[in-house]
Amino acid sequence: MKLQKSFYIRDTLLVAQELLGKVLVYHDFKVRIRETEAYIGAIDKAAHCYGNKMTKRTSVMFREGGSAYIYMIYGMHYCMNIVTGNAGEGSGVLIRNVEPLVNLDEIFVNRYGISREIANKYQIKNLTNGPGKLCKSLNITKKDNGHSLLSENLYVEDDGYKVDYIHKGKRINIDYAEEAADFEWRFFY
DNA sequence: GCTGCGATTATC
DNA sequence: ATAATCGCAGCG
């Protein structure tokens with residue numbers, strides 16, 4: 001069943017963990033969420049909206065939970081977040097690693113420009129195990145920024161899959177974030 | 001207007 | 001370990 005607004009308007013660390021094992025649906029794609037990171041603007045120097053920094057880029061993060069925040073990083077990759085909490089809070093969950101469930105043929109073309117049959121082992125292993133790889137694989141771009149997760153073509157559903165143990169660790173590539181760099185807000189299984 | 005850099009990835 | 005590559009924030 002599709003997750004409703006009330007799922008997202010909760011504590012960001014809780015949402016980040018409960019998103020594990022859920023299925024992200026985007027048009028004809030379905031992928032299982034395997035790794036997430038929480039970002040909480042109020043106390044998190046790694047967050048784009050740290051210190052309530054409202055800019056053109058971060059405005060979506062200040063919405064009520066349940067929207068997609070898509071941003072471009074390093075001039076060449078898109079990353080997808082799910083906005084969490086109450087309006088004005090400025091928090092969200094980065095989707096880092098997913099496992100494709102359907103439509104593999106189209107994913108290989110989007111990601112590598114090749115048919116699935118000729119993909120090598122390395123390409124298969126690294127298909128969608130990163131935030132930029134996820135967006136490339138599913139063709140998620142800036143056009144999707146601000147889109148509602150309660151809509152027809154973009155949402156998260158619970159298909160009954162159970163995650164047994166959630167691993168926790170420090171978030172990736174935020175060494176500049178001082179004390180926040182040590183927060184164990186990365187979750188995976 | 002100009003400058004510097006990043007919640008990444010692929011390759012060396 | 002490092003290049004690729006560009007939107008945008010910060011400055012003034």
# chains A, B, ... in the order shown; residues from 1 in each chain; ligands from 1

$ closest_atom_pairs --of "chain C" --to "chain A" --cutoff "10 Å" --atoms "only C-alpha atoms (C1' of nucleotides)" --output "tab-separated table"
residue	atom	partner	partner_atom	distance
C:DA4	C1'	A:Met76	CA	8.4
C:DT5	C1'	A:Gly75	CA	4.9
C:DC6	C1'	A:Gly75	CA	4.2
C:DG7	C1'	A:Gly75	CA	7.0
C:DC8	C1'	A:Arg57	CA	7.9
C:DA9	C1'	A:Thr55	CA	8.3

$ closest_atom_pairs --of "chain B" --to "chain A" --cutoff "7 Å" --atoms "only C-alpha atoms (C1' of nucleotides)" --output "Markdown table"
| residue | atom | partner | partner_atom | distance |
| --- | --- | --- | --- | --- |
| B:DG6 | C1' | A:Tyr74 | CA | 5.6 |
| B:DA7 | C1' | A:Ile174 | CA | 7.0 |
| B:DT8 | C1' | A:Gly132 | CA | 6.3 |

$ write_last_selection --atoms "N, CA and C atoms (P, O5', C5', C4', C3', O3' and C1' of nucleotides)" --output "mmCIF file, in the first residue's frame"
data_model
loop_
_atom_site.group_PDB
_atom_site.id
_atom_site.type_symbol
_atom_site.label_atom_id
_atom_site.label_comp_id
_atom_site.auth_asym_id
_atom_site.auth_seq_id
_atom_site.Cartn_x
_atom_site.Cartn_y
_atom_site.Cartn_z
ATOM 1 P P DG B 6 33.113 21.820 -0.840
ATOM 2 O "O5'" DG B 6 31.760 20.963 -0.877
ATOM 3 C "C5'" DG B 6 30.518 21.595 -0.580
ATOM 4 C "C4'" DG B 6 29.451 20.991 -1.470
ATOM 5 C "C3'" DG B 6 29.431 19.458 -1.469
ATOM 6 O "O3'" DG B 6 28.088 19.027 -1.641
ATOM 7 C "C1'" DG B 6 29.821 20.216 -3.647
ATOM 8 P P DA B 7 27.240 18.783 -0.253
ATOM 9 O "O5'" DA B 7 26.956 17.232 -0.404
ATOM 10 C "C5'" DA B 7 27.848 16.262 0.096
ATOM 11 C "C4'" DA B 7 27.162 14.912 0.131
ATOM 12 C "C3'" DA B 7 26.564 14.464 -1.194
ATOM 13 O "O3'" DA B 7 26.477 13.039 -1.212
ATOM 14 C "C1'" DA B 7 24.815 14.855 0.330
ATOM 15 P P DT B 8 27.752 12.285 -1.938
ATOM 16 O "O5'" DT B 8 27.766 12.742 -3.473
ATOM 17 C "C5'" DT B 8 26.647 12.502 -4.334
ATOM 18 C "C4'" DT B 8 27.092 11.880 -5.645
ATOM 19 C "C3'" DT B 8 27.535 10.418 -5.524
ATOM 20 O "O3'" DT B 8 26.795 9.665 -6.462
ATOM 21 C "C1'" DT B 8 29.175 11.696 -6.691
#

$ select_by_dssp --residues "chain A" --states "strand (DSSP E)" --output "ChimeraX atom specification"
/A:23-26,29-40,68-73,77-84,91-100,154-157,167-169,186-188

$ atom_distance --atom1 "CA of Arg111 in chain A" --atom2 "CA of Trp185 in chain A"
27.7 Å

$ residues_around --residues "DC12 in chain B" --least-positions-apart "2" --cutoff "10 Å" --atoms "only C-alpha atoms (C1' of nucleotides)" --output "list of chain:residue names"
B:DA10, C:DA1, C:DT2

$ residues_around --residues "DG10 in chain C" --least-positions-apart "6" --cutoff "12 Å" --atoms "only C-alpha atoms (C1' of nucleotides)" --output "JSON, numbers by chain"
{"A": [55], "B": [2, 3, 4, 5]}

$ closest_residue --among "A:Lys121, A:Arg34, A:Lys142, A:Lys45" --to "Ile166 in chain A" --atoms "only C-alpha atoms"
A:Arg34

$ atom_distance --atom1 "CA of Ala177 in chain A" --atom2 "CA of Asp44 in chain A"
7.8 Å

$ select_by_dssp --residues "range 61-136 of chain A" --states "alpha helix (DSSP H)" --output "PyMOL selection string"
chain A and resi 104-112+121-125+131-136

$ residues_around --residues "Ser91 in chain A" --least-positions-apart "5" --cutoff "10 Å" --atoms "only C-alpha atoms (C1' of nucleotides)" --output "list in words"
Asp11, Thr12, Leu13, Ala38, Tyr39, Ile40, Gly41, Ala42, Ile43, Asp44, Ala47, His48, Cys49, Tyr50, Val60, Met61, Phe62, Arg63, Glu64, Gly65, Asn81, Ile82, Val83, Thr84, Gly85 and Asn86 of chain A

$ write_last_selection --atoms "N, CA and C atoms" --output "mmCIF file, in the first residue's frame"
data_model
loop_
_atom_site.group_PDB
_atom_site.id
_atom_site.type_symbol
_atom_site.label_atom_id
_atom_site.label_comp_id
_atom_site.auth_asym_id
_atom_site.auth_seq_id
_atom_site.Cartn_x
_atom_site.Cartn_y
_atom_site.Cartn_z
ATOM 1 N N ASP A 11 9.492 12.157 12.922
ATOM 2 C CA ASP A 11 10.912 12.342 13.182
ATOM 3 C C ASP A 11 11.748 11.807 12.006
ATOM 4 N N THR A 12 12.683 12.616 11.521
ATOM 5 C CA THR A 12 13.443 12.272 10.320
ATOM 6 C C THR A 12 14.278 11.005 10.493
ATOM 7 N N LEU A 13 14.862 10.820 11.677
ATOM 8 C CA LEU A 13 15.678 9.623 11.898
ATOM 9 C C LEU A 13 14.813 8.364 11.862
ATOM 10 N N ALA A 38 19.856 10.585 6.876
ATOM 11 C CA ALA A 38 18.982 11.646 7.372
ATOM 12 C C ALA A 38 19.725 12.982 7.378
ATOM 13 N N TYR A 39 19.015 14.048 7.065
ATOM 14 C CA TYR A 39 19.549 15.413 7.122
ATOM 15 C C TYR A 39 18.531 16.296 7.830
ATOM 16 N N ILE A 40 18.973 16.938 8.915
ATOM 17 C CA ILE A 40 18.068 17.718 9.760
ATOM 18 C C ILE A 40 18.616 19.135 9.879
ATOM 19 N N GLY A 41 18.050 20.039 9.081
ATOM 20 C CA GLY A 41 18.598 21.386 8.923
ATOM 21 C C GLY A 41 18.868 22.123 10.217
ATOM 22 N N ALA A 42 18.027 21.949 11.208
ATOM 23 C CA ALA A 42 18.135 22.735 12.435
ATOM 24 C C ALA A 42 19.451 22.513 13.173
ATOM 25 N N ILE A 43 19.981 21.284 13.113
ATOM 26 C CA ILE A 43 21.155 20.974 13.935
ATOM 27 C C ILE A 43 22.283 20.322 13.148
ATOM 28 N N ASP A 44 22.200 20.358 11.816
ATOM 29 C CA ASP A 44 23.047 19.501 10.988
ATOM 30 C C ASP A 44 23.857 20.315 9.978
ATOM 31 N N ALA A 47 23.641 19.542 6.246
ATOM 32 C CA ALA A 47 22.404 19.755 5.480
ATOM 33 C C ALA A 47 22.491 21.032 4.651
ATOM 34 N N HIS A 48 21.929 20.997 3.467
ATOM 35 C CA HIS A 48 21.922 22.177 2.594
ATOM 36 C C HIS A 48 21.223 23.341 3.273
ATOM 37 N N CYS A 49 20.257 23.050 4.111
ATOM 38 C CA CYS A 49 19.444 24.111 4.713
ATOM 39 C C CYS A 49 19.827 24.337 6.169
ATOM 40 N N TYR A 50 21.064 24.011 6.517
ATOM 41 C CA TYR A 50 21.531 24.237 7.893
ATOM 42 C C TYR A 50 21.366 25.710 8.263
ATOM 43 N N VAL A 60 12.383 23.656 -1.246
ATOM 44 C CA VAL A 60 11.531 22.460 -1.153
ATOM 45 C C VAL A 60 11.727 21.731 0.173
ATOM 46 N N MET A 61 12.943 21.803 0.711
ATOM 47 C CA MET A 61 13.210 21.091 1.967
ATOM 48 C C MET A 61 12.413 21.634 3.143
ATOM 49 N N PHE A 62 11.934 22.862 3.013
ATOM 50 C CA PHE A 62 11.176 23.468 4.112
ATOM 51 C C PHE A 62 9.683 23.185 4.014
ATOM 52 N N ARG A 63 9.308 22.417 3.032
ATOM 53 C CA ARG A 63 7.897 22.058 2.928
ATOM 54 C C ARG A 63 7.535 21.014 3.975
ATOM 55 N N GLU A 64 6.238 20.808 4.105
ATOM 56 C CA GLU A 64 5.758 19.706 4.930
ATOM 57 C C GLU A 64 6.240 18.393 4.323
ATOM 58 N N GLY A 65 6.494 17.379 5.162
ATOM 59 C CA GLY A 65 6.975 16.096 4.665
ATOM 60 C C GLY A 65 6.110 15.520 3.558
ATOM 61 N N ASN A 81 15.971 13.163 -2.499
ATOM 62 C CA ASN A 81 15.632 13.120 -1.079
ATOM 63 C C ASN A 81 14.129 13.086 -0.918
ATOM 64 N N ILE A 82 13.698 12.604 0.244
ATOM 65 C CA ILE A 82 12.294 12.672 0.623
ATOM 66 C C ILE A 82 12.186 13.653 1.787
ATOM 67 N N VAL A 83 11.419 14.706 1.592
ATOM 68 C CA VAL A 83 11.265 15.719 2.631
ATOM 69 C C VAL A 83 10.447 15.131 3.782
ATOM 70 N N THR A 84 10.904 15.419 5.017
ATOM 71 C CA THR A 84 10.243 14.866 6.198
ATOM 72 C C THR A 84 9.859 15.977 7.176
ATOM 73 N N GLY A 85 9.045 15.632 8.139
ATOM 74 C CA GLY A 85 8.706 16.537 9.237
ATOM 75 C C GLY A 85 7.681 17.598 8.868
ATOM 76 N N ASN A 86 7.549 18.572 9.751
ATOM 77 C CA ASN A 86 6.564 19.636 9.570
ATOM 78 C C ASN A 86 7.088 20.724 8.648
#

$ decode --residues "chain B" --atoms "C-alpha atoms (C1' of nucleotides)" --output "JSON list (two decimals), in the first residue's frame"
[["chain", "number", "residue", "atom", "x", "y", "z"],
["B", 1, "DG", "C1'", 29.55, 39.87, -12.93],
["B", 2, "DC", "C1'", 33.01, 36.71, -10.72],
["B", 3, "DT", "C1'", 34.64, 32.93, -7.90],
["B", 4, "DG", "C1'", 34.67, 28.55, -5.55],
["B", 5, "DC", "C1'", 32.80, 24.40, -4.45],
["B", 6, "DG", "C1'", 29.82, 20.22, -3.65],
["B", 7, "DA", "C1'", 24.82, 14.85, 0.33],
["B", 8, "DT", "C1'", 29.18, 11.70, -6.69],
["B", 9, "DT", "C1'", 31.11, 8.66, -9.93],
["B", 10, "DA", "C1'", 34.50, 6.43, -12.79],
["B", 11, "DT", "C1'", 38.94, 5.57, -13.51],
["B", 12, "DC", "C1'", 44.07, 5.75, -12.34]]
